[in-house]
>>> print(open('work_17.pdb').read())   # PDB, C-alpha atoms, pLDDT in the B column
ATOM      1  CA  MET A   1     -54.668-107.638 -23.400  1.00 57.00           C
ATOM      2  CA  SER A   2     -55.830-106.232 -26.744  1.00 60.00           C
ATOM      3  CA  VAL A   3     -57.217-102.773 -27.462  1.00 60.00           C
ATOM      4  CA  LYS A   4     -60.596-104.331 -28.234  1.00 62.00           C
ATOM      5  CA  SER A   5     -60.682-106.167 -24.906  1.00 67.00           C
ATOM      6  CA  LEU A   6     -59.737-102.934 -23.081  1.00 65.00           C
ATOM      7  CA  ARG A   7     -62.807-101.204 -24.542  1.00 67.00           C
ATOM      8  CA  LEU A   8     -65.001-103.689 -22.688  1.00 72.00           C
ATOM      9  CA  ASP A   9     -62.934-103.852 -19.523  1.00 81.00           C
ATOM     10  CA  PRO A  10     -62.895-100.649 -17.437  1.00 84.00           C
ATOM     11  CA  VAL A  11     -60.662-102.284 -14.831  1.00 84.00           C
ATOM     12  CA  GLY A  12     -57.994-103.157 -17.395  1.00 85.00           C
ATOM     13  CA  LEU A  13     -58.361 -99.819 -19.172  1.00 88.00           C
ATOM     14  CA  GLY A  14     -58.119 -97.972 -15.875  1.00 88.00           C
ATOM     15  CA  PHE A  15     -55.034 -99.944 -14.907  1.00 91.00           C
ATOM     16  CA  VAL A  16     -53.304 -99.239 -18.233  1.00 91.00           C
ATOM     17  CA  THR A  17     -54.295 -95.568 -18.239  1.00 92.00           C
ATOM     18  CA  LEU A  18     -53.291 -94.773 -14.664  1.00 95.00           C
ATOM     19  CA  SER A  19     -50.163 -96.963 -14.712  1.00 95.00           C
ATOM     20  CA  SER A  20     -48.802 -95.618 -18.002  1.00 95.00           C
ATOM     21  CA  THR A  21     -49.543 -92.022 -17.004  1.00 96.00           C
ATOM     22  CA  LEU A  22     -47.657 -92.518 -13.739  1.00 97.00           C
ATOM     23  CA  VAL A  23     -44.668 -94.257 -15.346  1.00 96.00           C
ATOM     24  CA  ILE A  24     -44.300 -91.626 -18.087  1.00 96.00           C
ATOM     25  CA  GLN A  25     -44.586 -88.798 -15.554  1.00 97.00           C
ATOM     26  CA  MET A  26     -42.005 -90.452 -13.307  1.00 97.00           C
ATOM     27  CA  PHE A  27     -39.527 -90.601 -16.201  1.00 94.00           C
ATOM     28  CA  HIS A  28     -40.284 -86.967 -16.973  1.00 94.00           C
ATOM     29  CA  ASN A  29     -39.693 -86.033 -13.346  1.00 95.00           C
ATOM     30  CA  VAL A  30     -36.319 -87.813 -13.415  1.00 95.00           C
ATOM     31  CA  GLU A  31     -35.373 -85.419 -16.219  1.00 93.00           C
ATOM     32  CA  HIS A  32     -36.097 -82.494 -13.888  1.00 94.00           C
ATOM     33  CA  VAL A  33     -34.129 -84.106 -11.048  1.00 96.00           C
ATOM     34  CA  ILE A  34     -31.150 -84.467 -13.392  1.00 95.00           C
ATOM     35  CA  GLN A  35     -31.440 -80.788 -14.316  1.00 94.00           C
ATOM     36  CA  MET A  36     -31.302 -79.870 -10.629  1.00 96.00           C
ATOM     37  CA  LEU A  37     -28.234 -82.093 -10.190  1.00 96.00           C
ATOM     38  CA  GLN A  38     -26.614 -80.440 -13.200  1.00 96.00           C
ATOM     39  CA  LYS A  39     -27.165 -77.025 -11.639  1.00 96.00           C
ATOM     40  CA  TYR A  40     -26.575 -77.553  -7.921  1.00 97.00           C
ATOM     41  CA  VAL A  41     -24.328 -80.624  -7.625  1.00 97.00           C
ATOM     42  CA  TRP A  42     -22.323 -80.761 -10.833  1.00 97.00           C
ATOM     43  CA  HIS A  43     -22.318 -76.961 -11.404  1.00 96.00           C
ATOM     44  CA  PHE A  44     -22.854 -77.160 -15.160  1.00 94.00           C
ATOM     45  CA  ASN A  45     -23.284 -73.929 -17.132  1.00 93.00           C
ATOM     46  CA  ARG A  46     -26.392 -75.317 -18.881  1.00 88.00           C
ATOM     47  CA  PHE A  47     -28.974 -77.703 -17.456  1.00 89.00           C
ATOM     48  CA  PRO A  48     -30.470 -79.663 -20.358  1.00 88.00           C
ATOM     49  CA  GLY A  49     -31.188 -82.898 -18.459  1.00 87.00           C
ATOM     50  CA  LEU A  50     -30.654 -86.116 -20.409  1.00 86.00           C
ATOM     51  CA  LEU A  51     -32.985 -85.431 -23.330  1.00 83.00           C
ATOM     52  CA  GLY A  52     -32.860 -81.648 -23.276  1.00 77.00           C
ATOM     53  CA  LEU A  53     -30.089 -81.487 -25.837  1.00 73.00           C
ATOM     54  CA  TRP A  54     -32.621 -82.751 -28.386  1.00 75.00           C
ATOM     55  CA  PHE A  55     -35.997 -81.799 -26.920  1.00 75.00           C
ATOM     56  CA  ASP A  56     -35.518 -78.534 -25.023  1.00 72.00           C
ATOM     57  CA  PHE A  57     -37.986 -76.474 -27.036  1.00 79.00           C
ATOM     58  CA  GLU A  58     -40.942 -74.628 -25.557  1.00 83.00           C
ATOM     59  CA  LEU A  59     -43.350 -76.320 -27.961  1.00 86.00           C
ATOM     60  CA  VAL A  60     -42.193 -79.774 -26.742  1.00 88.00           C
ATOM     61  CA  HIS A  61     -42.738 -78.736 -23.109  1.00 89.00           C
ATOM     62  CA  PHE A  62     -46.194 -77.400 -23.947  1.00 93.00           C
ATOM     63  CA  LEU A  63     -47.204 -80.538 -25.878  1.00 94.00           C
ATOM     64  CA  TYR A  64     -45.951 -82.852 -23.120  1.00 94.00           C
ATOM     65  CA  SER A  65     -47.792 -80.880 -20.426  1.00 95.00           C
ATOM     66  CA  LEU A  66     -50.974 -80.901 -22.498  1.00 97.00           C
ATOM     67  CA  ALA A  67     -50.686 -84.652 -23.225  1.00 97.00           C
ATOM     68  CA  LEU A  68     -50.205 -85.380 -19.517  1.00 97.00           C
ATOM     69  CA  TRP A  69     -53.256 -83.278 -18.678  1.00 98.00           C
ATOM     70  CA  VAL A  70     -55.336 -85.145 -21.295  1.00 97.00           C
ATOM     71  CA  ALA A  71     -54.175 -88.497 -19.850  1.00 97.00           C
ATOM     72  CA  LEU A  72     -55.144 -87.341 -16.355  1.00 97.00           C
ATOM     73  CA  LEU A  73     -58.508 -86.114 -17.632  1.00 97.00           C
ATOM     74  CA  ALA A  74     -59.161 -89.473 -19.313  1.00 94.00           C
ATOM     75  CA  THR A  75     -58.273 -91.253 -16.070  1.00 95.00           C
ATOM     76  CA  VAL A  76     -60.588 -89.021 -14.020  1.00 95.00           C
ATOM     77  CA  ILE A  77     -63.465 -89.494 -16.488  1.00 94.00           C
ATOM     78  CA  LEU A  78     -62.977 -93.255 -16.531  1.00 93.00           C
ATOM     79  CA  TYR A  79     -62.959 -93.349 -12.728  1.00 92.00           C
ATOM     80  CA  ARG A  80     -66.022 -91.086 -12.357  1.00 92.00           C
ATOM     81  CA  ARG A  81     -68.067 -93.146 -14.786  1.00 91.00           C
ATOM     82  CA  ASN A  82     -66.936 -96.428 -13.216  1.00 89.00           C
ATOM     83  CA  PRO A  83     -66.274 -95.669  -9.537  1.00 85.00           C
ATOM     84  CA  GLY A  84     -65.961 -99.332  -8.593  1.00 86.00           C
ATOM     85  CA  ILE A  85     -62.978-100.067 -10.829  1.00 88.00           C
ATOM     86  CA  TRP A  86     -60.435 -99.494  -8.071  1.00 89.00           C
ATOM     87  CA  ARG A  87     -60.360 -99.709  -4.302  1.00 90.00           C
ATOM     88  CA  GLN A  88     -62.356 -96.838  -2.850  1.00 91.00           C
ATOM     89  CA  SER A  89     -60.106 -94.229  -1.277  1.00 93.00           C
ATOM     90  CA  GLU A  90     -61.003 -90.600  -0.652  1.00 96.00           C
ATOM     91  CA  THR A  91     -57.311 -89.762  -0.425  1.00 97.00           C
ATOM     92  CA  ALA A  92     -56.633 -91.345  -3.825  1.00 96.00           C
ATOM     93  CA  ARG A  93     -59.664 -89.654  -5.378  1.00 96.00           C
ATOM     94  CA  PHE A  94     -58.554 -86.270  -4.025  1.00 97.00           C
ATOM     95  CA  ALA A  95     -54.941 -86.841  -5.171  1.00 98.00           C
ATOM     96  CA  LEU A  96     -56.079 -87.709  -8.712  1.00 97.00           C
ATOM     97  CA  GLN A  97     -58.355 -84.652  -8.853  1.00 97.00           C
ATOM     98  CA  PHE A  98     -55.560 -82.479  -7.461  1.00 98.00           C
ATOM     99  CA  ALA A  99     -53.098 -83.800 -10.069  1.00 98.00           C
ATOM    100  CA  LEU A 100     -55.600 -82.975 -12.829  1.00 98.00           C
ATOM    101  CA  TRP A 101     -56.180 -79.397 -11.618  1.00 98.00           C
ATOM    102  CA  PHE A 102     -52.533 -78.726 -10.783  1.00 98.00           C
ATOM    103  CA  GLN A 103     -51.403 -80.049 -14.165  1.00 98.00           C
ATOM    104  CA  GLY A 104     -54.113 -77.887 -15.725  1.00 98.00           C
ATOM    105  CA  TYR A 105     -52.413 -74.848 -14.241  1.00 98.00           C
ATOM    106  CA  HIS A 106     -49.064 -76.152 -15.502  1.00 97.00           C
ATOM    107  CA  VAL A 107     -50.591 -76.214 -19.015  1.00 98.00           C
ATOM    108  CA  VAL A 108     -51.692 -72.580 -18.520  1.00 98.00           C
ATOM    109  CA  GLU A 109     -48.090 -71.677 -17.634  1.00 97.00           C
ATOM    110  CA  HIS A 110     -46.800 -73.333 -20.817  1.00 95.00           C
ATOM    111  CA  THR A 111     -49.560 -71.733 -22.888  1.00 97.00           C
ATOM    112  CA  VAL A 112     -48.454 -68.301 -21.661  1.00 97.00           C
ATOM    113  CA  ARG A 113     -44.833 -69.219 -22.386  1.00 95.00           C
ATOM    114  CA  ILE A 114     -45.769 -70.253 -25.949  1.00 94.00           C
ATOM    115  CA  TRP A 115     -47.582 -66.943 -26.396  1.00 96.00           C
ATOM    116  CA  GLN A 116     -44.579 -65.038 -25.008  1.00 96.00           C
ATOM    117  CA  TYR A 117     -42.223 -66.887 -27.361  1.00 92.00           C
ATOM    118  CA  PHE A 118     -44.229 -66.869 -30.604  1.00 92.00           C
ATOM    119  CA  GLY A 119     -46.583 -63.942 -30.016  1.00 93.00           C
ATOM    120  CA  LEU A 120     -44.281 -61.489 -28.281  1.00 94.00           C
ATOM    121  CA  GLY A 121     -40.984 -62.707 -29.718  1.00 92.00           C
ATOM    122  CA  MET A 122     -39.372 -63.163 -26.307  1.00 90.00           C
ATOM    123  CA  LEU A 123     -36.224 -65.237 -26.224  1.00 87.00           C
ATOM    124  CA  SER A 124     -36.313 -68.665 -24.588  1.00 81.00           C
ATOM    125  CA  PRO A 125     -36.614 -69.362 -21.736  1.00 87.00           C
ATOM    126  CA  THR A 126     -39.754 -67.289 -21.471  1.00 92.00           C
ATOM    127  CA  PRO A 127     -40.972 -66.705 -17.901  1.00 95.00           C
ATOM    128  CA  GLY A 128     -44.642 -67.635 -18.134  1.00 96.00           C
ATOM    129  CA  ILE A 129     -46.610 -66.262 -15.179  1.00 97.00           C
ATOM    130  CA  LEU A 130     -44.881 -67.488 -12.029  1.00 97.00           C
ATOM    131  CA  GLY A 131     -41.480 -67.426 -13.756  1.00 96.00           C
ATOM    132  CA  ASN A 132     -41.574 -63.665 -13.226  1.00 96.00           C
ATOM    133  CA  PHE A 133     -41.324 -64.352  -9.495  1.00 97.00           C
ATOM    134  CA  PHE A 134     -39.466 -67.677  -9.229  1.00 97.00           C
ATOM    135  CA  PRO A 135     -36.552 -69.246 -11.127  1.00 96.00           C
ATOM    136  CA  ILE A 136     -37.987 -71.227 -14.072  1.00 94.00           C
ATOM    137  CA  LEU A 137     -35.853 -74.360 -13.626  1.00 94.00           C
ATOM    138  CA  GLU A 138     -36.824 -74.748  -9.990  1.00 97.00           C
ATOM    139  CA  LEU A 139     -40.453 -73.800 -10.651  1.00 97.00           C
ATOM    140  CA  HIS A 140     -40.936 -76.546 -13.235  1.00 95.00           C
ATOM    141  CA  PHE A 141     -39.047 -79.021 -11.074  1.00 97.00           C
ATOM    142  CA  TRP A 142     -41.623 -78.382  -8.331  1.00 98.00           C
ATOM    143  CA  PHE A 143     -44.580 -78.426 -10.751  1.00 97.00           C
ATOM    144  CA  ASN A 144     -43.555 -81.881 -11.936  1.00 97.00           C
ATOM    145  CA  THR A 145     -42.614 -83.181  -8.491  1.00 98.00           C
ATOM    146  CA  ILE A 146     -45.999 -82.163  -7.075  1.00 98.00           C
ATOM    147  CA  VAL A 147     -47.913 -83.816  -9.946  1.00 98.00           C
ATOM    148  CA  THR A 148     -45.775 -86.960  -9.682  1.00 98.00           C
ATOM    149  CA  THR A 149     -46.312 -87.146  -5.918  1.00 98.00           C
ATOM    150  CA  ALA A 150     -50.084 -86.732  -6.310  1.00 98.00           C
ATOM    151  CA  LEU A 151     -50.112 -89.495  -8.948  1.00 98.00           C
ATOM    152  CA  ILE A 152     -48.145 -91.839  -6.680  1.00 98.00           C
ATOM    153  CA  ILE A 153     -50.584 -91.160  -3.821  1.00 98.00           C
ATOM    154  CA  ALA A 154     -53.545 -91.847  -6.128  1.00 97.00           C
ATOM    155  CA  TYR A 155     -51.956 -95.008  -7.501  1.00 96.00           C
ATOM    156  CA  VAL A 156     -51.127 -96.456  -4.091  1.00 96.00           C
ATOM    157  CA  GLY A 157     -54.524 -95.452  -2.722  1.00 95.00           C
ATOM    158  CA  PHE A 158     -56.540 -96.917  -5.593  1.00 94.00           C
ATOM    159  CA  ARG A 159     -54.417-100.085  -5.868  1.00 92.00           C
ATOM    160  CA  PRO A 160     -55.284-100.590  -9.548  1.00 90.00           C
ATOM    161  CA  TRP A 161     -52.984-103.606  -9.813  1.00 82.00           C
ATOM    162  CA  ARG A 162     -55.543-105.617  -7.812  1.00 76.00           C
ATOM    163  CA  LEU A 163     -57.710-106.365 -10.798  1.00 62.00           C
ATOM    164  CA  SER A 164     -61.133-107.765 -10.134  1.00 48.00           C
ATOM    165  CA  GLY A 165     -63.717-109.244 -12.446  1.00 48.00           C
ATOM    166  CA  ASN A 166     -66.479-107.740 -10.321  1.00 48.00           C
ATOM    167  CA  VAL A 167     -67.102-104.117 -11.290  1.00 48.00           C
ATOM    168  CA  PRO A 168     -70.343-103.062  -9.592  1.00 48.00           C
ATOM    169  CA  ASN A 169     -70.799 -99.647 -11.238  1.00 52.00           C
ATOM    170  CA  PHE A 170     -69.580-100.402 -14.754  1.00 46.00           C
ATOM    171  CA  ASN A 171     -70.902 -98.007 -17.405  1.00 52.00           C
ATOM    172  CA  PRO A 172     -69.955 -99.262 -20.882  1.00 48.00           C
ATOM    173  CA  GLN A 173     -71.027 -95.980 -22.536  1.00 52.00           C
ATOM    174  CA  VAL A 174     -67.867 -94.305 -21.226  1.00 49.00           C
ATOM    175  CA  LEU A 175     -65.862 -96.434 -23.636  1.00 46.00           C
ATOM    176  CA  GLY A 176     -67.999 -96.473 -26.721  1.00 44.00           C
TER
END
>>> encode(input="work_17.pdb", output="structure tokens")
Amino acid sequence: MSVKSLRLDPVGLGFVTLSSTLVIQMFHNVEHVIQMLQKYVWHFNRFPGLLGLWFDFELVHFLYSLALWVALLATVILYRRNPGIWRQSETARFALQFALWFQGYHVVEHTVRIWQYFGLGMLSPTPGILGNFFPILELHFWFNTIVTTALIIAYVGFRPWRLSGNVPNFNPQVLG
């Protein structure tokens, strides 16, 4: 499946967009699970996850959260403009919308943390908004687990792997 063929195929584009977003988020969530294991099971002094030794910088967290939100937004737009691309499911539609809005708030949290770090000169880890009330490690574990769960619900509900050549509400302007 080439990039050019995806431009003309909302079913294939939707499948690639939703599937890749889910897979990447699942790997990201595994990183948070490992951090929780490092803290509560293995009793480490630091909880960097697997990649945290190299990528545990607030700017990386912000950019990842923003990229995930953009991927979710692209998926929602593609679905809204071509509602027949996947199996109709109100639960899946709600879960995808919820993931978009919840991840949007997660981006706000990281935006505040960036401002606290660069603008106010606070030392990392900066608390963000809810980090003033909840432990940051656990808070971001739950942020990511909730988004991942919503994406899984949307994926299973939409069943995008059941590709069909018949797309009744195809709008090619969404792609071009």
>>> residues_near_point(input="work_17.pdb", point="(-57.8, -86.4, -2.9)", cutoff="12 Å", atoms="all atoms listed in the file", output="PDB file with C-alpha atoms, in the coordinates of the input")
ATOM      1  CA  VAL A  76     -60.588 -89.021 -14.020  1.00 95.00           C
ATOM      2  CA  GLN A  88     -62.356 -96.838  -2.850  1.00 91.00           C
ATOM      3  CA  SER A  89     -60.106 -94.229  -1.277  1.00 93.00           C
ATOM      4  CA  GLU A  90     -61.003 -90.600  -0.652  1.00 96.00           C
ATOM      5  CA  THR A  91     -57.311 -89.762  -0.425  1.00 97.00           C
ATOM      6  CA  ALA A  92     -56.633 -91.345  -3.825  1.00 96.00           C
ATOM      7  CA  ARG A  93     -59.664 -89.654  -5.378  1.00 96.00           C
ATOM      8  CA  PHE A  94     -58.554 -86.270  -4.025  1.00 97.00           C
ATOM      9  CA  ALA A  95     -54.941 -86.841  -5.171  1.00 98.00           C
ATOM     10  CA  LEU A  96     -56.079 -87.709  -8.712  1.00 97.00           C
ATOM     11  CA  GLN A  97     -58.355 -84.652  -8.853  1.00 97.00           C
ATOM     12  CA  PHE A  98     -55.560 -82.479  -7.461  1.00 98.00           C
ATOM     13  CA  ALA A  99     -53.098 -83.800 -10.069  1.00 98.00           C
ATOM     14  CA  LEU A 100     -55.600 -82.975 -12.829  1.00 98.00           C
ATOM     15  CA  TRP A 101     -56.180 -79.397 -11.618  1.00 98.00           C
ATOM     16  CA  THR A 149     -46.312 -87.146  -5.918  1.00 98.00           C
ATOM     17  CA  ALA A 150     -50.084 -86.732  -6.310  1.00 98.00           C
ATOM     18  CA  LEU A 151     -50.112 -89.495  -8.948  1.00 98.00           C
ATOM     19  CA  ILE A 152     -48.145 -91.839  -6.680  1.00 98.00           C
ATOM     20  CA  ILE A 153     -50.584 -91.160  -3.821  1.00 98.00           C
ATOM     21  CA  ALA A 154     -53.545 -91.847  -6.128  1.00 97.00           C
ATOM     22  CA  TYR A 155     -51.956 -95.008  -7.501  1.00 96.00           C
ATOM     23  CA  GLY A 157     -54.524 -95.452  -2.722  1.00 95.00           C
ATOM     24  CA  PHE A 158     -56.540 -96.917  -5.593  1.00 94.00           C
TER      25      PHE A 158
END
>>> resolve_selection(input="work_17.pdb", expression="the PyMOL selection byres ((chain A and resi 12-14) around 8)", output="ChimeraX atom specification")
/A:6-7,9-11,15-18,75,78-79,85,160,163
>>> residues_around(input="work_17.pdb", residues="Leu66 of chain A", least_positions_apart="4", cutoff="10 Å", atoms="only C-alpha atoms", output="VMD selection string")
chain A and resid 60 to 62 70 to 72 103 to 104 106 to 108 110 to 111
>>> closest_residue(input="work_17.pdb", among="A:Gly119, A:Pro135, A:Gln35, A:Val112", to="Asp56 of chain A", atoms="only C-alpha atoms")
A:Gln35
>>> closest_residue(input="work_17.pdb", among="A:Val41, A:Tyr105, A:Glu31, A:Asn82", to="Phe55 of chain A", atoms="all atoms listed in the file")
A:Glu31
>>> closest_residue(input="work_17.pdb", among="A:Glu109, A:Gln38, A:Val156, A:Phe27", to="Thr126 of chain A", atoms="all atoms listed in the file")
A:Glu109
>>> atom_distance(input="work_17.pdb", atom1="atom CA of Ile34 of chain A", atom2="atom CA of Gly49 of chain A")
5.3 Å
>>> residues_near_point(input="work_17.pdb", point="(-39.3, -67.1, -16.5)", cutoff="12 Å", atoms="only C-alpha atoms", output="MDAnalysis selection string")
chainID A and resid 58 109:110 112:114 116:117 122:140
>>> closest_residue(input="work_17.pdb", among="A:Trp69, A:His28, A:Ser19, A:Tyr64", to="Leu50 of chain A", atoms="all atoms listed in the file")
A:His28
>>> axis_aligned_box(input="work_17.pdb", around="segment 117-130 of chain A", padding_each_side="8 Å", output="lines of an AutoDock Vina configuration file")
center_x = -41.4
center_y = -65.4
center_z = -21.3
size_x = 26.4
size_y = 23.9
size_z = 34.6
>>> atom_distance(input="work_17.pdb", atom1="atom CA of Arg46 of chain A", atom2="atom CA of His32 of chain A")
13.1 Å
>>> closest_residue(input="work_17.pdb", among="A:Val23, A:Phe141, A:Asn45, A:Leu120", to="Leu68 of chain A", atoms="all atoms listed in the file")
A:Val23
>>> atom_distance(input="work_17.pdb", atom1="atom CA of Met36 of chain A", atom2="atom CA of Pro48 of chain A")
9.8 Å
